[in-house]
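> final31.cif is reproduced in full below (mmCIF, C-alpha atoms).
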data_upload
#
loop_
_atom_site.label_atom_id
_atom_site.label_comp_id
_atom_site.auth_asym_id
_atom_site.auth_seq_id
_atom_site.Cartn_x
_atom_site.Cartn_y
_atom_site.Cartn_z
CA MET A 138 112.40 58.83 113.32
CA SER A 139 113.10 61.46 110.65
CA LYS A 140 112.45 60.57 107.04
CA GLN A 141 114.33 62.01 104.09
CA LEU A 142 112.21 64.11 101.77
CA GLN A 143 111.73 62.84 98.23
CA ASP A 144 111.56 65.00 95.14
CA ALA A 145 108.30 66.20 93.60
CA TYR A 146 108.35 66.55 89.82
CA ILE A 147 106.02 68.48 87.58
CA VAL A 148 105.13 66.13 84.73
CA ALA A 149 102.39 68.20 83.07
CA ALA A 150 101.43 71.87 83.06
CA SER A 151 98.61 73.42 81.11
CA ARG A 152 96.46 76.51 81.22
CA THR A 153 93.61 78.13 79.40
CA PRO A 154 94.06 81.38 77.55
CA ILE A 155 93.32 84.37 79.76
CA GLY A 156 90.24 86.42 78.90
CA ARG A 157 89.36 89.96 79.85
CA SER A 158 86.67 89.98 82.50
CA HIS A 159 83.12 91.20 81.81
CA ARG A 160 83.63 91.90 78.11
CA GLY A 161 86.06 89.18 77.06
CA PHE A 162 85.68 85.80 75.42
CA PHE A 163 85.17 83.93 78.73
CA ARG A 164 82.62 86.37 80.17
CA ASN A 165 79.90 83.70 80.04
CA THR A 166 82.13 80.70 80.75
CA ARG A 167 81.91 79.23 84.23
CA PRO A 168 85.17 79.04 86.19
CA ASP A 169 84.69 75.34 86.88
CA ASP A 170 84.43 74.79 83.13
CA LEU A 171 87.71 76.70 82.68
CA LEU A 172 89.21 74.42 85.32
CA VAL A 173 87.93 71.36 83.46
CA ALA A 174 89.65 72.57 80.28
CA ALA A 175 92.95 73.10 82.11
CA LEU A 176 92.72 69.70 83.81
CA ARG A 177 92.02 67.91 80.55
CA GLY A 178 94.88 69.78 78.91
CA ALA A 179 97.29 68.65 81.62
CA LEU A 180 96.05 65.05 81.50
CA ALA A 181 96.53 64.99 77.73
CA GLN A 182 100.24 65.65 78.29
CA VAL A 183 100.64 62.41 80.27
CA PRO A 184 98.77 59.72 78.29
CA THR A 185 100.60 56.89 80.06
CA LEU A 186 99.47 58.00 83.52
CA ASP A 187 96.70 55.93 85.11
CA PRO A 188 94.22 58.54 86.45
CA LYS A 189 93.43 56.20 89.34
CA ALA A 190 96.94 56.89 90.64
CA ILE A 191 96.03 60.54 91.27
CA GLU A 192 95.35 60.98 94.96
CA ASP A 193 94.02 64.52 95.26
CA ALA A 194 93.39 67.78 93.41
CA ILE A 195 94.31 70.99 95.21
CA ILE A 196 92.90 74.03 93.43
CA GLY A 197 93.36 77.69 94.34
CA CYS A 198 90.61 80.30 94.14
CA ALA A 199 90.72 83.80 95.62
CA MET A 200 86.96 84.33 95.82
CA PRO A 201 85.48 80.85 96.34
CA GLU A 202 81.79 81.67 96.12
CA GLY A 203 78.96 81.54 93.62
CA PRO A 204 79.90 79.59 90.46
CA GLN A 205 83.39 78.97 91.88
CA GLY A 206 82.18 77.89 95.30
CA LEU A 207 80.97 74.49 96.56
CA ASN A 208 84.51 73.05 96.54
CA MET A 209 85.26 73.76 92.89
CA ALA A 210 88.29 71.45 93.05
CA ARG A 211 86.22 68.32 93.60
CA VAL A 212 83.49 69.37 91.17
CA GLY A 213 86.05 70.23 88.47
CA ALA A 214 87.90 66.95 88.92
CA LEU A 215 84.71 64.95 88.45
CA LEU A 216 83.53 67.01 85.48
CA ALA A 217 86.95 66.52 83.87
CA GLY A 218 86.32 62.79 83.91
CA LEU A 219 88.67 61.83 86.71
CA PRO A 220 87.76 58.76 88.77
CA ASN A 221 85.65 59.10 91.90
CA SER A 222 88.74 58.10 93.88
CA VAL A 223 90.43 61.45 93.13
CA GLY A 224 89.73 63.88 95.96
CA GLY A 225 89.50 67.65 95.74
CA ILE A 226 90.10 70.63 98.01
CA THR A 227 89.83 74.34 97.19
CA VAL A 228 92.33 76.62 98.94
CA ASN A 229 92.63 80.38 99.26
CA ARG A 230 95.67 82.59 99.65
CA PHE A 231 94.14 85.30 97.45
CA CYS A 232 96.48 86.03 94.52
CA ALA A 233 98.94 83.28 95.53
CA SER A 234 96.26 80.60 95.80
CA GLY A 235 97.46 78.74 92.69
CA LEU A 236 101.08 78.81 93.83
CA SER A 237 100.14 77.66 97.32
CA ALA A 238 98.18 74.79 95.77
CA ILE A 239 101.33 73.68 93.97
CA GLN A 240 103.35 73.90 97.19
CA MET A 241 100.76 71.84 99.09
CA ALA A 242 100.64 69.17 96.40
CA ALA A 243 104.43 69.03 96.22
CA ASP A 244 104.70 68.70 99.99
CA ARG A 245 102.32 65.73 100.04
CA ILE A 246 104.66 63.99 97.62
CA ARG A 247 107.85 65.16 99.31
CA VAL A 248 106.86 63.70 102.68
CA GLY A 249 105.81 60.41 101.06
CA GLU A 250 102.04 60.68 101.55
CA ALA A 251 101.22 60.66 97.82
CA ASP A 252 102.82 59.76 94.50
CA VAL A 253 100.62 61.70 92.06
CA MET A 254 98.83 64.97 92.76
CA ILE A 255 97.03 67.68 90.80
CA ALA A 256 97.50 71.37 91.62
CA GLY A 257 96.04 74.42 89.97
CA GLY A 258 93.81 77.43 90.16
CA ALA A 259 90.71 78.89 88.54
CA GLU A 260 89.01 82.26 88.71
CA SER A 261 86.28 84.12 86.84
CA MET A 262 86.33 87.80 87.67
CA SER A 263 83.46 88.18 85.23
CA MET A 264 81.19 86.09 87.44
CA VAL A 265 82.65 86.82 90.88
CA PRO A 266 84.05 90.35 91.32
CA MET A 267 87.15 91.24 93.29
CA SER A 268 86.32 91.01 97.03
CA GLY A 269 83.34 88.82 96.21
CA ASN A 270 79.67 89.58 95.82
CA SER A 271 79.00 90.48 99.44
CA PRO A 272 82.22 91.29 101.35
CA SER A 273 81.88 91.65 105.11
CA PHE A 274 84.83 93.05 107.04
CA ASN A 275 85.14 92.41 110.74
CA PRO A 276 84.37 95.77 112.41
CA SER A 277 87.29 95.21 114.79
CA ILE A 278 89.80 96.00 112.06
CA PHE A 279 88.82 99.66 112.38
CA ASP A 280 89.60 99.75 116.13
CA LYS A 281 93.37 99.99 115.62
CA ASP A 282 95.24 101.97 113.00
CA GLU A 283 97.59 99.06 112.23
CA ASN A 284 94.63 96.93 111.11
CA VAL A 285 92.82 99.43 108.91
CA GLY A 286 94.97 98.42 105.94
CA ILE A 287 93.10 95.10 105.84
CA ALA A 288 90.17 96.99 104.33
CA TYR A 289 92.22 98.91 101.77
CA GLY A 290 91.59 98.19 98.14
CA MET A 291 94.68 96.89 96.39
CA GLY A 292 94.86 99.99 94.21
CA LEU A 293 95.24 102.19 97.24
CA THR A 294 98.03 99.98 98.54
CA ALA A 295 99.77 100.41 95.18
CA GLU A 296 99.58 104.17 95.57
CA LYS A 297 101.18 103.88 99.00
CA VAL A 298 103.96 101.69 97.57
CA ALA A 299 104.55 104.14 94.70
CA ASN A 300 104.85 106.98 97.19
CA GLN A 301 107.04 105.19 99.74
CA TRP A 302 109.36 103.60 97.16
CA LYS A 303 109.33 106.72 94.95
CA VAL A 304 108.14 105.00 91.78
CA SER A 305 107.17 107.68 89.26
CA ARG A 306 104.17 107.67 86.96
CA GLU A 307 106.54 107.75 83.99
CA ALA A 308 108.38 104.62 85.23
CA GLN A 309 105.09 102.81 85.79
CA ASP A 310 103.80 103.62 82.31
CA ALA A 311 107.08 102.58 80.69
CA PHE A 312 106.94 99.28 82.58
CA ALA A 313 103.34 98.73 81.44
CA LEU A 314 104.23 99.41 77.80
CA ALA A 315 107.11 96.93 77.99
CA SER A 316 104.74 94.29 79.39
CA HIS A 317 102.48 94.59 76.34
CA GLN A 318 105.39 94.64 73.91
CA LYS A 319 106.96 91.51 75.41
CA ALA A 320 103.63 89.68 75.48
CA LEU A 321 102.87 90.51 71.86
CA ALA A 322 106.34 89.41 70.76
CA ALA A 323 105.96 86.14 72.67
CA GLN A 324 102.58 85.49 71.09
CA ALA A 325 103.96 86.17 67.61
CA ALA A 326 106.85 83.77 68.25
CA GLY A 327 104.54 80.99 69.48
CA GLU A 328 106.11 81.05 72.95
CA PHE A 329 102.83 80.24 74.71
CA THR A 330 101.86 77.26 72.54
CA ASP A 331 103.22 74.53 74.83
CA GLU A 332 101.41 75.80 77.90
CA ILE A 333 98.01 76.80 76.48
CA THR A 334 95.10 74.43 75.98
CA PRO A 335 92.72 75.96 73.41
CA VAL A 336 89.15 76.41 74.66
CA GLU A 337 86.03 76.30 72.52
CA VAL A 338 83.52 79.01 73.39
CA THR A 339 79.92 78.91 72.26
CA GLU A 340 77.97 82.17 72.15
CA ARG A 341 74.17 82.15 72.06
CA THR A 342 72.25 85.19 70.80
CA PRO A 343 68.43 85.39 70.97
CA ASP A 344 66.41 86.90 68.13
CA LEU A 345 63.60 88.81 69.83
CA ASN A 346 61.53 88.90 66.64
CA THR A 347 61.56 85.18 65.84
CA GLY A 348 62.24 83.75 69.27
CA GLU A 349 65.07 81.69 67.83
CA ILE A 350 68.52 81.44 69.36
CA SER A 351 71.53 81.52 67.08
CA THR A 352 74.78 79.90 68.19
CA ARG A 353 78.34 80.65 67.18
CA SER A 354 81.39 78.70 68.29
CA ARG A 355 85.02 79.69 68.15
CA THR A 356 88.25 78.29 69.51
CA VAL A 357 90.28 80.58 71.75
CA ARG A 358 94.02 79.98 71.51
CA LEU A 359 95.71 83.17 72.77
CA ASP A 360 95.47 85.49 75.75
CA GLU A 361 93.13 88.37 75.06
CA GLY A 362 94.86 91.12 77.02
CA PRO A 363 97.96 92.22 75.06
CA ARG A 364 97.25 95.35 73.03
CA ALA A 365 99.26 96.41 70.01
CA ASP A 366 97.89 99.96 70.26
CA THR A 367 99.45 100.60 73.68
CA SER A 368 101.75 103.62 73.71
CA LEU A 369 103.40 105.90 76.24
CA GLU A 370 101.28 108.75 74.94
CA GLY A 371 98.09 106.78 75.42
CA LEU A 372 99.07 105.57 78.88
CA ALA A 373 99.98 109.09 79.95
CA LYS A 374 96.47 110.31 79.13
CA LEU A 375 94.76 107.88 81.48
CA LYS A 376 93.37 109.31 84.70
CA THR A 377 94.42 107.95 88.06
CA VAL A 378 91.92 105.57 89.58
CA PHE A 379 92.62 105.29 93.30
CA ALA A 380 93.95 108.72 94.33
CA ALA A 381 93.27 112.14 92.82
CA LYS A 382 96.94 113.09 92.86
CA GLY A 383 98.25 109.58 92.50
CA SER A 384 100.03 107.69 89.74
CA VAL A 385 98.25 104.32 89.47
CA THR A 386 95.96 103.97 86.46
CA ALA A 387 94.08 101.22 84.71
CA GLY A 388 96.89 101.16 82.18
CA ASN A 389 99.70 100.43 84.64
CA SER A 390 97.66 97.95 86.70
CA SER A 391 96.94 94.28 86.08
CA GLN A 392 93.86 93.42 84.08
CA THR A 393 90.91 91.76 85.78
CA SER A 394 90.59 88.43 84.02
CA ASP A 395 89.19 84.93 83.69
CA GLY A 396 91.31 81.79 83.39
CA ALA A 397 92.58 78.53 84.88
CA GLY A 398 95.75 76.47 85.12
CA ALA A 399 96.56 72.91 86.17
CA LEU A 400 99.74 70.97 86.89
CA ILE A 401 100.33 67.30 87.60
CA LEU A 402 103.05 66.43 90.11
CA ALA A 403 104.60 63.02 90.65
CA SER A 404 107.18 61.25 92.77
CA GLU A 405 110.22 59.56 91.26
CA LYS A 406 108.48 56.24 91.85
CA ALA A 407 105.45 57.35 89.80
CA VAL A 408 107.68 58.80 87.10
CA ARG A 409 109.30 55.38 86.61
CA GLN A 410 106.07 53.42 87.01
CA PHE A 411 104.13 55.37 84.36
CA ASP A 412 107.06 56.29 82.10
CA LEU A 413 106.57 60.01 82.66
CA LYS A 414 108.91 62.76 81.49
CA PRO A 415 109.42 65.41 84.17
CA LEU A 416 109.28 69.04 83.09
CA ALA A 417 110.73 70.41 86.31
CA ARG A 418 111.42 69.70 89.96
CA PHE A 419 109.67 71.72 92.63
CA VAL A 420 112.55 73.10 94.69
CA SER A 421 111.24 75.39 97.42
CA TYR A 422 108.52 77.74 98.58
CA ALA A 423 108.13 80.57 101.09
CA SER A 424 105.38 82.91 102.16
CA ARG A 425 105.81 85.96 104.37
CA GLY A 426 103.62 88.68 105.81
CA VAL A 427 104.01 92.45 105.39
CA PRO A 428 101.87 95.43 106.48
CA PRO A 429 98.48 95.15 104.72
CA GLU A 430 98.56 98.76 103.55
CA ILE A 431 101.67 98.07 101.43
CA MET A 432 100.80 94.51 100.45
CA GLY A 433 102.52 94.86 97.07
CA ILE A 434 106.00 94.58 98.56
CA GLY A 435 105.38 91.05 99.86
CA PRO A 436 107.86 89.46 97.43
CA ILE A 437 110.66 91.54 99.00
CA GLU A 438 110.35 89.27 102.05
CA ALA A 439 109.30 86.03 100.31
CA ILE A 440 112.05 85.89 97.67
CA PRO A 441 115.04 85.73 100.07
CA ALA A 442 113.21 83.14 102.17
CA ALA A 443 112.51 80.89 99.17
CA LEU A 444 116.15 81.20 98.09
CA ARG A 445 117.36 80.25 101.58
CA ASN A 446 115.04 77.25 101.63
CA ALA A 447 116.46 76.14 98.30
CA GLY A 448 120.09 76.83 99.20
CA LEU A 449 120.36 78.98 96.09
CA THR A 450 121.29 82.57 95.28
CA LEU A 451 119.44 85.19 93.30
CA ASP A 452 121.97 85.18 90.47
CA GLN A 453 121.23 81.48 89.88
CA MET A 454 117.65 82.31 88.86
CA ASP A 455 117.46 82.20 85.06
CA TRP A 456 113.78 83.02 84.63
CA ILE A 457 111.62 85.11 86.97
CA GLU A 458 107.86 85.48 86.81
CA LEU A 459 106.97 88.46 89.02
CA ASN A 460 103.22 88.94 89.03
CA GLU A 461 102.50 92.48 87.91
CA ALA A 462 99.61 93.33 90.20
CA PHE A 463 100.67 96.93 89.62
CA ALA A 464 103.68 98.43 87.89
CA ALA A 465 104.37 100.40 91.08
CA GLN A 466 104.78 97.31 93.25
CA ALA A 467 106.61 95.33 90.57
CA LEU A 468 109.21 98.08 90.20
CA ALA A 469 109.52 98.46 93.96
CA VAL A 470 110.25 94.73 94.26
CA ILE A 471 112.68 94.68 91.31
CA ASN A 472 114.65 97.65 92.61
CA THR A 473 114.70 96.62 96.27
CA VAL A 474 115.55 92.94 95.82
CA GLY A 475 117.93 93.66 92.95
CA LEU A 476 116.23 91.48 90.34
CA ASP A 477 117.79 91.47 86.89
CA PRO A 478 115.14 93.19 84.69
CA SER A 479 116.25 91.13 81.69
CA LYS A 480 115.17 87.97 83.53
CA VAL A 481 111.82 89.30 84.77
CA ASN A 482 108.63 88.58 82.83
CA ARG A 483 110.34 87.92 79.52
CA MET A 484 106.98 87.13 77.92
CA GLY A 485 105.08 89.97 79.53
CA GLY A 486 103.16 89.99 82.80
CA ALA A 487 99.73 90.54 84.28
CA ILE A 488 99.48 94.14 83.05
CA ALA A 489 99.33 92.77 79.50
CA LEU A 490 98.32 89.13 79.97
CA GLY A 491 95.82 89.51 82.80
CA HIS A 492 95.54 88.39 86.42
CA PRO A 493 92.71 85.97 87.20
CA LEU A 494 93.56 86.15 90.92
CA GLY A 495 93.65 82.62 92.38
CA ALA A 496 94.53 81.08 89.01
CA THR A 497 97.57 83.23 88.27
CA GLY A 498 100.04 81.21 90.34
CA ALA A 499 99.23 78.03 88.42
CA ILE A 500 99.17 79.86 85.08
CA ARG A 501 102.57 81.48 85.59
CA ALA A 502 104.02 78.22 86.93
CA ALA A 503 103.02 76.60 83.63
CA THR A 504 104.83 79.42 81.85
CA ILE A 505 107.99 78.82 83.88
CA VAL A 506 108.29 75.05 83.51
CA HIS A 507 107.76 75.15 79.76
CA ALA A 508 110.02 78.19 79.25
CA LEU A 509 112.90 76.61 81.17
CA ARG A 510 112.84 73.60 78.85
CA ARG A 511 112.32 75.63 75.70
CA HIS A 512 115.25 77.93 76.44
CA ASP A 513 117.48 75.30 78.09
CA LEU A 514 117.63 77.13 81.42
CA GLN A 515 117.97 75.64 84.89
CA TYR A 516 116.15 77.62 87.60
CA GLY A 517 112.95 79.62 87.51
CA MET A 518 111.22 81.59 90.25
CA LEU A 519 107.59 82.66 90.59
CA THR A 520 106.73 85.39 93.06
CA MET A 521 103.68 87.45 93.81
CA CYS A 522 102.16 89.88 96.29
CA VAL A 523 98.99 88.96 98.13
CA GLY A 524 96.06 90.98 99.44
CA THR A 525 95.99 91.82 103.18
CA GLY A 526 99.78 91.91 103.19
CA GLN A 527 101.58 88.76 102.11
CA GLY A 528 104.20 87.66 99.63
CA ALA A 529 104.87 84.23 98.18
CA ALA A 530 107.65 82.75 96.08
CA GLY A 531 108.32 79.33 94.59
CA ILE A 532 111.41 77.96 92.81
CA PHE A 533 111.48 75.36 90.03
CA GLU A 534 114.36 73.49 88.40
CA ARG A 535 114.42 72.07 84.89
CA VAL A 536 115.27 68.37 84.83
#
Can I see the file as structure tokens?

Amino acid sequence: MSKQLQDAYIVAASRTPIGRSHRGFFRNTRPDDLLVAALRGALAQVPTLDPKAIEDAIIGCAMPEGPQGLNMARVGALLAGLPNSVGGITVNRFCASGLSAIQMAADRIRVGEADVMIAGGAESMSMVPMSGNSPSFNPSIFDKDENVGIAYGMGLTAEKVANQWKVSREAQDAFALASHQKALAAQAAGEFTDEITPVEVTERTPDLNTGEISTRSRTVRLDEGPRADTSLEGLAKLKTVFAAKGSVTAGNSSQTSDGAGALILASEKAVRQFDLKPLARFVSYASRGVPPEIMGIGPIEAIPAALRNAGLTLDQMDWIELNEAFAAQALAVINTVGLDPSKVNRMGGAIALGHPLGATGAIRAATIVHALRRHDLQYGMLTMCVGTGQGAAGIFERV
């Protein structure tokens, strides 16, 4: 007998600031500790919720090894002080891991198997590099030309997208500059305050002469990536990184980063029971595959599918977070799908703010649900490309 789906509401959404990898303020902070900060930030938004009502924590991570291995979801939940009864599972859809975690948590509620769930993502690209510490490709992918793209670095796929969709270097650099300018303006206006949980960082420095260790603590409140000194002239001087005669540079690509995000989802029953105030309703989700060698165009396929699943049209989307893996792929998606540029990444994107891989979906979802309420808008969409050729999109509605 079929059962009618129930709504899944986001009742809390929090994230850490995003730090630059390797040299930034989270370079020595473990990813599970970043997850703990995001979880505690989300829990602080729902003081009336009994933590024992939480059934499971689904956490995305693109490179689940080393300090972000060993089922980071369960470890993070326990370290955050959640009861032993709260489960944990770590999931991987590369860059869309955080968004997929939200979809999975929402679906558990929508089919009636849970009333309260946690979803999120965490990633330290300082501690675990892109592709992991010891990547091992299946040799069979080199047997057929159509599979070779699986081994391509994402930068090379961006070059292929720029070439095929005819996205110029000048357009990419202009897009990158706008990302920084929008992010800086949003920071100055306090637009990120509702979604960010400040994180205290302690730095320890040894004195080789005395043998003593000095400590210095500071509280991080803002994303580290946006740069006020970014200019078209400066971007134009940067050398290409992935192809000698290409157009993709470090300046028009997303920043490698460290960060975490966490959301709490609840059924209508739980909302009433614990006197919770929903931020948004999870409306729909879609993921689609595309050729691995042009993975950046994944949202071109995922966006229409998510809209169909929601029974909505593109012009009904008031706020769009399009993950800027590269300016080339972002512009290809915007131009092909027909996205309204004024609605896309109003507070900047990953080129300025950073892209901590498996955490980005949860981080940008936190941005959406708070922005919809702050600006009195109805629908928001999050979409992103995914390594090895995928796209994902999720739609949220302010309630």
> With the PyMOL selection byres ((chain A and resi 368-380) around 9) as the selection, what would be picked from this file? Answer as a PyMOL selection string, please.
chain A and resi 290+292-293+295-296+306-307+310-311+313-314+365-367+381-389
> Under the PyMOL selection byres ((chain A and resi 235) around 9), which residues of this model are included? Write them out as number ranges by chain.
A: 195-199, 228-234, 236-240, 256-259, 398-399, 494-500, 502
> I need the chosen residues saved as a CSV table (one decimal), keeping the file's coordinate frame, with C-alpha atoms.

chain,number,residue,atom,x,y,z
A,195,ILE,CA,94.3,71.0,95.2
A,196,ILE,CA,92.9,74.0,93.4
A,197,GLY,CA,93.4,77.7,94.3
A,198,CYS,CA,90.6,80.3,94.1
A,199,ALA,CA,90.7,83.8,95.6
A,228,VAL,CA,92.3,76.6,98.9
A,229,ASN,CA,92.6,80.4,99.3
A,230,ARG,CA,95.7,82.6,99.6
A,231,PHE,CA,94.1,85.3,97.4
A,232,CYS,CA,96.5,86.0,94.5
A,233,ALA,CA,98.9,83.3,95.5
A,234,SER,CA,96.3,80.6,95.8
A,236,LEU,CA,101.1,78.8,93.8
A,237,SER,CA,100.1,77.7,97.3
A,238,ALA,CA,98.2,74.8,95.8
A,239,ILE,CA,101.3,73.7,94.0
A,240,GLN,CA,103.4,73.9,97.2
A,256,ALA,CA,97.5,71.4,91.6
A,257,GLY,CA,96.0,74.4,90.0
A,258,GLY,CA,93.8,77.4,90.2
A,259,ALA,CA,90.7,78.9,88.5
A,398,GLY,CA,95.8,76.5,85.1
A,399,ALA,CA,96.6,72.9,86.2
A,494,LEU,CA,93.6,86.2,90.9
A,495,GLY,CA,93.6,82.6,92.4
A,496,ALA,CA,94.5,81.1,89.0
A,497,THR,CA,97.6,83.2,88.3
A,498,GLY,CA,100.0,81.2,90.3
A,499,ALA,CA,99.2,78.0,88.4
A,500,ILE,CA,99.2,79.9,85.1
A,502,ALA,CA,104.0,78.2,86.9
> If you measure from atom CA of Ile401 of chain A to atom CA of Gly526 of chain A, what distance in Å do you get, rounded to one decimal?
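Distance reported for this atom pair: 29.1 Å.
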> Expand the PyMOL selection byres ((chain A and resi 184-192) around 6) into the explicit residue set it covers here, and present it as a list of chain:residue names.
A:Ala181, A:Val183, A:Asp193, A:Val223, A:Val253, A:Met254, A:Phe411
> Please compute the atom CA of Val336 of chain A-atom CA of Ser316 of chain A distance, one decimal, in Å.
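It comes out at 24.2 Å.
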> If I take atom CA of Gln466 of chain A and atom CA of His317 of chain A, how far is one from the other in Å, to one decimal?
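Separation between atom CA of Gln466 of chain A and atom CA of His317 of chain A: 17.3 Å.
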> Which residues are close to Gly286 of chain A, i.e. within 12 Å by only C-alpha atoms, leaving aside same-chain residues fewer than 2 positions away? Reply as a PyMOL selection string.
chain A and resi 274+278-284+288-295+297+427-432+524-526
> Using all atoms listed in the file for the distances, tell me which of A:Ser394, A:Ser354, A:Gln527, A:Gln141 is nearest to His492 of chain A.
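Counting all atoms listed in the file, the residue closest to His492 of chain A is A:Ser394.
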> Check the smallest atom-to-atom distance from each of A:Gly327, A:Pro335, A:Pro441, A:Gly249 to Ala530 of chain A using all atoms listed in the file, then report the winner.
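Closest candidate: A:Pro441.
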> Would you give the centre and edge lengths, in Å to one decimal, of a box along x, y and z around the listed atoms of segment 271-275 of chain A, with 8 Å added to each side, as AutoDock Vina command-line options?

--center_x 82.1 --center_y 91.8 --center_z 105.1 --size_x 22.1 --size_y 18.6 --size_z 27.3
> Given only C-alpha atoms as the basis, pick out the residue of A:Gly491, A:Met484, A:Gly206, A:Ala443 nearest to Ala322 of chain A.
A:Met484
> Set the distance at 9 Å and use all atoms listed in the file: which residues neighbour Arg425 of chain A once local chain neighbours fewer than 3 positions away are removed? I'd like the list as a PyMOL selection string.
chain A and resi 435-436+438-439+442+526-529
